Amino acid sequence: MSDSSSADAIRSAVAAMNAGDVDGYITHFAPTCERWVSGLDQPVSLYDVAESLRQLVRAFSPLQLDEELLISEGAFVCARWRLRGTQTADYVGLTSNGRSIDVAICEVYEIAEDKVVATWAYQDPSQMFRQMASAATSEGIQ
């Protein structure tokens, strides 16, 4: 796979997610794809990734993954993203009060036969929740 087609595959997946089409996003990944997340000892399954994304899409509108940097080299793509959205529905037990998130994420993707076969995600897993809690505190919500 060429560098540009690897990058295009990732951009196509993200375009589907940004349109709220989690299933369209997931079709860009091999069924056996594992997602390694910094801070976790075990990889996350594609099924769990899809469920997590569905929860995010339901709770944040619009949910956008904005590209800040995307570098492709052979079968690997490294991307720096900003996940942004405004909470419009409850999310993992947190009531919506119109709070916004802006989360920095770096991901490395391995691609084979036009599908992502592995990902590694590097981010502060509590960043989004701190932003939501900070917004709640500043609004006088306890």
# chains A, B, ... in the order shown; residues from 1 in each chain; ligands from 1

$ residues_around --residues "A:Gln64" --least-positions-apart "2" --cutoff "8 Å" --atoms "only C-alpha atoms" --output "ChimeraX atom specification"
/A:17-18,62,66,82-85

$ select_by_dssp --residues "chain A" --states "strand (DSSP E or B)" --output "number ranges by chain"
A: 29-37, 44-45, 60, 64-73, 76-87, 91, 94, 100-112, 115-122

$ closest_residue --among "A:Asp102, A:Glu68, A:Asp48, A:Glu73" --to "A:Gln87" --atoms "only C-alpha atoms"
A:Asp102

$ residues_around --residues "A:Pro31" --least-positions-apart "2" --cutoff "9 Å" --atoms "only C-alpha atoms" --output "list in words"
Ile26, Thr27, Phe29, Cys33, Glu34, Ser45, Leu46, Tyr47 and Val117 of chain A

$ write_last_selection --atoms "C-alpha atoms" --output "PDB file, in the first residue's frame"
ATOM      1  CA  ILE A  26     -15.439   0.460  11.617  1.00  0.00           C
ATOM      2  CA  THR A  27     -15.525  -0.979   8.070  1.00  0.00           C
ATOM      3  CA  PHE A  29     -10.687  -1.890  10.268  1.00  0.00           C
ATOM      4  CA  CYS A  33      -7.919  -5.277  14.830  1.00  0.00           C
ATOM      5  CA  GLU A  34      -6.777  -4.547  18.364  1.00  0.00           C
ATOM      6  CA  SER A  45     -11.378  -5.073  20.815  1.00  0.00           C
ATOM      7  CA  LEU A  46     -12.903  -3.553  17.704  1.00  0.00           C
ATOM      8  CA  TYR A  47     -16.342  -4.301  19.170  1.00  0.00           C
ATOM      9  CA  VAL A 117      -4.961  -4.213  11.469  1.00  0.00           C
TER      10      VAL A 117
END

$ residues_around --residues "stretch 92-96 of chain A" --least-positions-apart "3" --cutoff "9 Å" --atoms "only C-alpha atoms" --output "PDB file with N, CA, C and O atoms, in the first residue's frame"
ATOM      1  N   GLN A  55     -21.385   5.615  21.879  1.00  0.00           N
ATOM      2  CA  GLN A  55     -21.738   6.406  23.059  1.00  0.00           C
ATOM      3  C   GLN A  55     -21.308   7.862  22.893  1.00  0.00           C
ATOM      4  O   GLN A  55     -22.059   8.780  23.220  1.00  0.00           O
ATOM      5  N   ALA A  59     -23.733  11.243  22.606  1.00  0.00           N
ATOM      6  CA  ALA A  59     -23.662  12.222  23.695  1.00  0.00           C
ATOM      7  C   ALA A  59     -23.093  13.574  23.290  1.00  0.00           C
ATOM      8  O   ALA A  59     -23.347  14.572  23.971  1.00  0.00           O
ATOM      9  N   THR A  86     -19.685  19.092  21.831  1.00  0.00           N
ATOM     10  CA  THR A  86     -20.463  19.668  22.922  1.00  0.00           C
ATOM     11  C   THR A  86     -21.404  18.590  23.428  1.00  0.00           C
ATOM     12  O   THR A  86     -22.126  17.967  22.643  1.00  0.00           O
ATOM     13  N   GLN A  87     -21.392  18.377  24.734  1.00  0.00           N
ATOM     14  CA  GLN A  87     -22.217  17.335  25.314  1.00  0.00           C
ATOM     15  C   GLN A  87     -23.684  17.748  25.260  1.00  0.00           C
ATOM     16  O   GLN A  87     -24.080  18.767  25.810  1.00  0.00           O
ATOM     17  N   THR A  88     -24.475  16.942  24.575  1.00  0.00           N
ATOM     18  CA  THR A  88     -25.909  17.214  24.414  1.00  0.00           C
ATOM     19  C   THR A  88     -26.791  16.135  25.034  1.00  0.00           C
ATOM     20  O   THR A  88     -28.010  16.257  25.030  1.00  0.00           O
ATOM     21  N   ALA A  89     -26.165  15.064  25.537  1.00  0.00           N
ATOM     22  CA  ALA A  89     -26.890  13.973  26.182  1.00  0.00           C
ATOM     23  C   ALA A  89     -25.991  13.382  27.264  1.00  0.00           C
ATOM     24  O   ALA A  89     -24.779  13.626  27.277  1.00  0.00           O
ATOM     25  N   ARG A  99     -21.595  21.108  28.007  1.00  0.00           N
ATOM     26  CA  ARG A  99     -20.142  21.263  28.149  1.00  0.00           C
ATOM     27  C   ARG A  99     -19.432  20.850  26.862  1.00  0.00           C
ATOM     28  O   ARG A  99     -19.846  19.933  26.178  1.00  0.00           O
ATOM     29  N   MET A 132     -14.890  18.176  31.414  1.00  0.00           N
ATOM     30  CA  MET A 132     -16.312  18.160  31.748  1.00  0.00           C
ATOM     31  C   MET A 132     -16.526  18.556  33.211  1.00  0.00           C
ATOM     32  O   MET A 132     -17.430  19.326  33.520  1.00  0.00           O
TER      33      MET A 132
END

$ closest_residue --among "A:Ala9, A:Ile101, A:Ala118, A:Leu56" --to "A:Tyr25" --atoms "only C-alpha atoms"
A:Ala9

$ closest_residue --among "A:Met128, A:Ala7, A:Val14, A:Leu70" --to "A:Ile111" --atoms "only C-alpha atoms"
A:Ala7

$ select_by_dssp --residues "chain A" --states "alpha helix (DSSP H)" --output "PyMOL selection string"
chain A and resi 3-18+22-26+46-59+127-138

$ residues_around --residues "A:Glu67" --least-positions-apart "2" --cutoff "8 Å" --atoms "only C-alpha atoms" --output "PDB file with N, CA and C atoms, in the first residue's frame"
ATOM      1  N   LEU A  65     -13.496  14.751  14.865  1.00  0.00           N
ATOM      2  CA  LEU A  65     -12.095  14.394  15.014  1.00  0.00           C
ATOM      3  C   LEU A  65     -11.349  15.184  13.948  1.00  0.00           C
ATOM      4  N   LEU A  69      -2.196  16.666  12.182  1.00  0.00           N
ATOM      5  CA  LEU A  69      -1.004  16.187  11.494  1.00  0.00           C
ATOM      6  C   LEU A  69      -1.245  14.741  11.113  1.00  0.00           C
ATOM      7  N   LEU A  70      -0.856  14.371   9.908  1.00  0.00           N
ATOM      8  CA  LEU A  70      -0.977  12.985   9.475  1.00  0.00           C
ATOM      9  C   LEU A  70       0.249  12.642   8.650  1.00  0.00           C
ATOM     10  N   ALA A  79      -1.097   9.883  13.281  1.00  0.00           N
ATOM     11  CA  ALA A  79      -1.983  11.045  13.198  1.00  0.00           C
ATOM     12  C   ALA A  79      -2.100  11.720  14.554  1.00  0.00           C
ATOM     13  N   ARG A  80      -2.118  13.040  14.513  1.00  0.00           N
ATOM     14  CA  ARG A  80      -2.421  13.826  15.708  1.00  0.00           C
ATOM     15  C   ARG A  80      -3.790  14.445  15.470  1.00  0.00           C
ATOM     16  N   TRP A  81      -4.718  14.173  16.377  1.00  0.00           N
ATOM     17  CA  TRP A  81      -6.110  14.600  16.245  1.00  0.00           C
ATOM     18  C   TRP A  81      -6.512  15.504  17.401  1.00  0.00           C
ATOM     19  N   ARG A  82      -7.591  16.254  17.189  1.00  0.00           N
ATOM     20  CA  ARG A  82      -8.303  16.969  18.255  1.00  0.00           C
ATOM     21  C   ARG A  82      -9.731  16.452  18.214  1.00  0.00           C
TER      22      ARG A  82
END

$ closest_residue --among "A:Thr119, A:Ser100, A:Thr32, A:Ser61" --to "A:Gln131" --atoms "only C-alpha atoms"
A:Ser100

$ residues_around --residues "stretch 19-22 of chain A" --least-positions-apart "3" --cutoff "8 Å" --atoms "only C-alpha atoms" --output "CSV table (one decimal) with all heavy atoms, in the first residue's frame"
chain,number,residue,atom,x,y,z
A,15,ALA,N,-13.7,10.5,8.2
A,15,ALA,CA,-14.8,11.2,7.5
A,15,ALA,C,-16.1,10.5,7.9
A,15,ALA,O,-17.1,11.2,8.2
A,15,ALA,CB,-14.6,11.3,6.0
A,16,ALA,N,-16.1,9.2,7.9
A,16,ALA,CA,-17.3,8.5,8.3
A,16,ALA,C,-17.7,8.8,9.7
A,16,ALA,O,-18.8,9.1,10.0
A,16,ALA,CB,-17.1,7.0,8.0
A,25,TYR,N,-17.1,3.9,9.8
A,25,TYR,CA,-15.8,4.0,10.4
A,25,TYR,C,-15.2,2.7,10.6
A,25,TYR,O,-14.0,2.4,10.2
A,25,TYR,CB,-15.8,4.8,11.7
A,25,TYR,CG,-14.5,4.9,12.5
A,25,TYR,CD1,-13.6,5.9,12.1
A,25,TYR,CD2,-14.2,4.1,13.5
A,25,TYR,CE1,-12.4,5.9,12.8
A,25,TYR,CE2,-13.1,4.1,14.2
A,25,TYR,CZ,-12.1,5.1,13.9
A,25,TYR,OH,-10.9,5.2,14.6
A,26,ILE,N,-15.9,1.8,11.2
A,26,ILE,CA,-15.4,0.5,11.6
A,26,ILE,C,-15.1,-0.4,10.4
A,26,ILE,O,-14.2,-1.3,10.4
A,26,ILE,CB,-16.5,-0.2,12.5
A,26,ILE,CG1,-16.6,0.5,13.9
A,26,ILE,CG2,-16.2,-1.7,12.8
A,26,ILE,CD1,-15.3,0.5,14.7
A,50,ALA,N,-16.1,0.3,18.8
A,50,ALA,CA,-17.3,0.7,18.2
A,50,ALA,C,-18.4,1.1,19.2
A,50,ALA,O,-19.0,2.2,19.0
A,50,ALA,CB,-17.9,-0.4,17.3
A,53,LEU,N,-17.4,4.5,20.6
A,53,LEU,CA,-17.7,5.6,19.7
A,53,LEU,C,-19.2,5.9,19.5
A,53,LEU,O,-19.6,7.0,19.4
A,53,LEU,CB,-17.1,5.2,18.3
A,53,LEU,CG,-15.6,5.3,18.2
A,53,LEU,CD1,-15.1,4.8,16.8
A,53,LEU,CD2,-15.0,6.7,18.5
A,54,ARG,N,-20.0,4.8,19.6
A,54,ARG,CA,-21.4,5.1,19.5
A,54,ARG,C,-21.9,5.9,20.7
A,54,ARG,O,-22.8,6.8,20.5
A,54,ARG,CB,-22.2,3.7,19.5
A,54,ARG,CG,-22.1,3.0,18.1
A,54,ARG,CD,-23.0,1.8,18.1
A,54,ARG,NE,-22.8,1.1,16.8
A,54,ARG,CZ,-21.9,0.2,16.5
A,54,ARG,NH1,-21.1,-0.3,17.5
A,54,ARG,NH2,-21.8,-0.3,15.3
A,57,VAL,N,-20.8,9.5,20.0
A,57,VAL,CA,-21.6,10.1,19.0
A,57,VAL,C,-23.0,10.5,19.5
A,57,VAL,O,-23.5,11.6,19.2
A,57,VAL,CB,-21.7,9.2,17.7
A,57,VAL,CG1,-22.8,9.7,16.8
A,57,VAL,CG2,-20.3,9.2,17.0
A,63,LEU,N,-19.7,15.8,17.1
A,63,LEU,CA,-18.5,15.1,17.5
A,63,LEU,C,-17.6,15.2,16.3
A,63,LEU,O,-17.9,14.6,15.3
A,63,LEU,CB,-18.7,13.7,18.0
A,63,LEU,CG,-17.5,13.0,18.5
A,63,LEU,CD1,-17.0,13.6,19.9
A,63,LEU,CD2,-17.7,11.5,18.7

$ atom_distance --atom1 "atom CA of A:His28" --atom2 "atom CA of A:Asp90"
28.1 Å
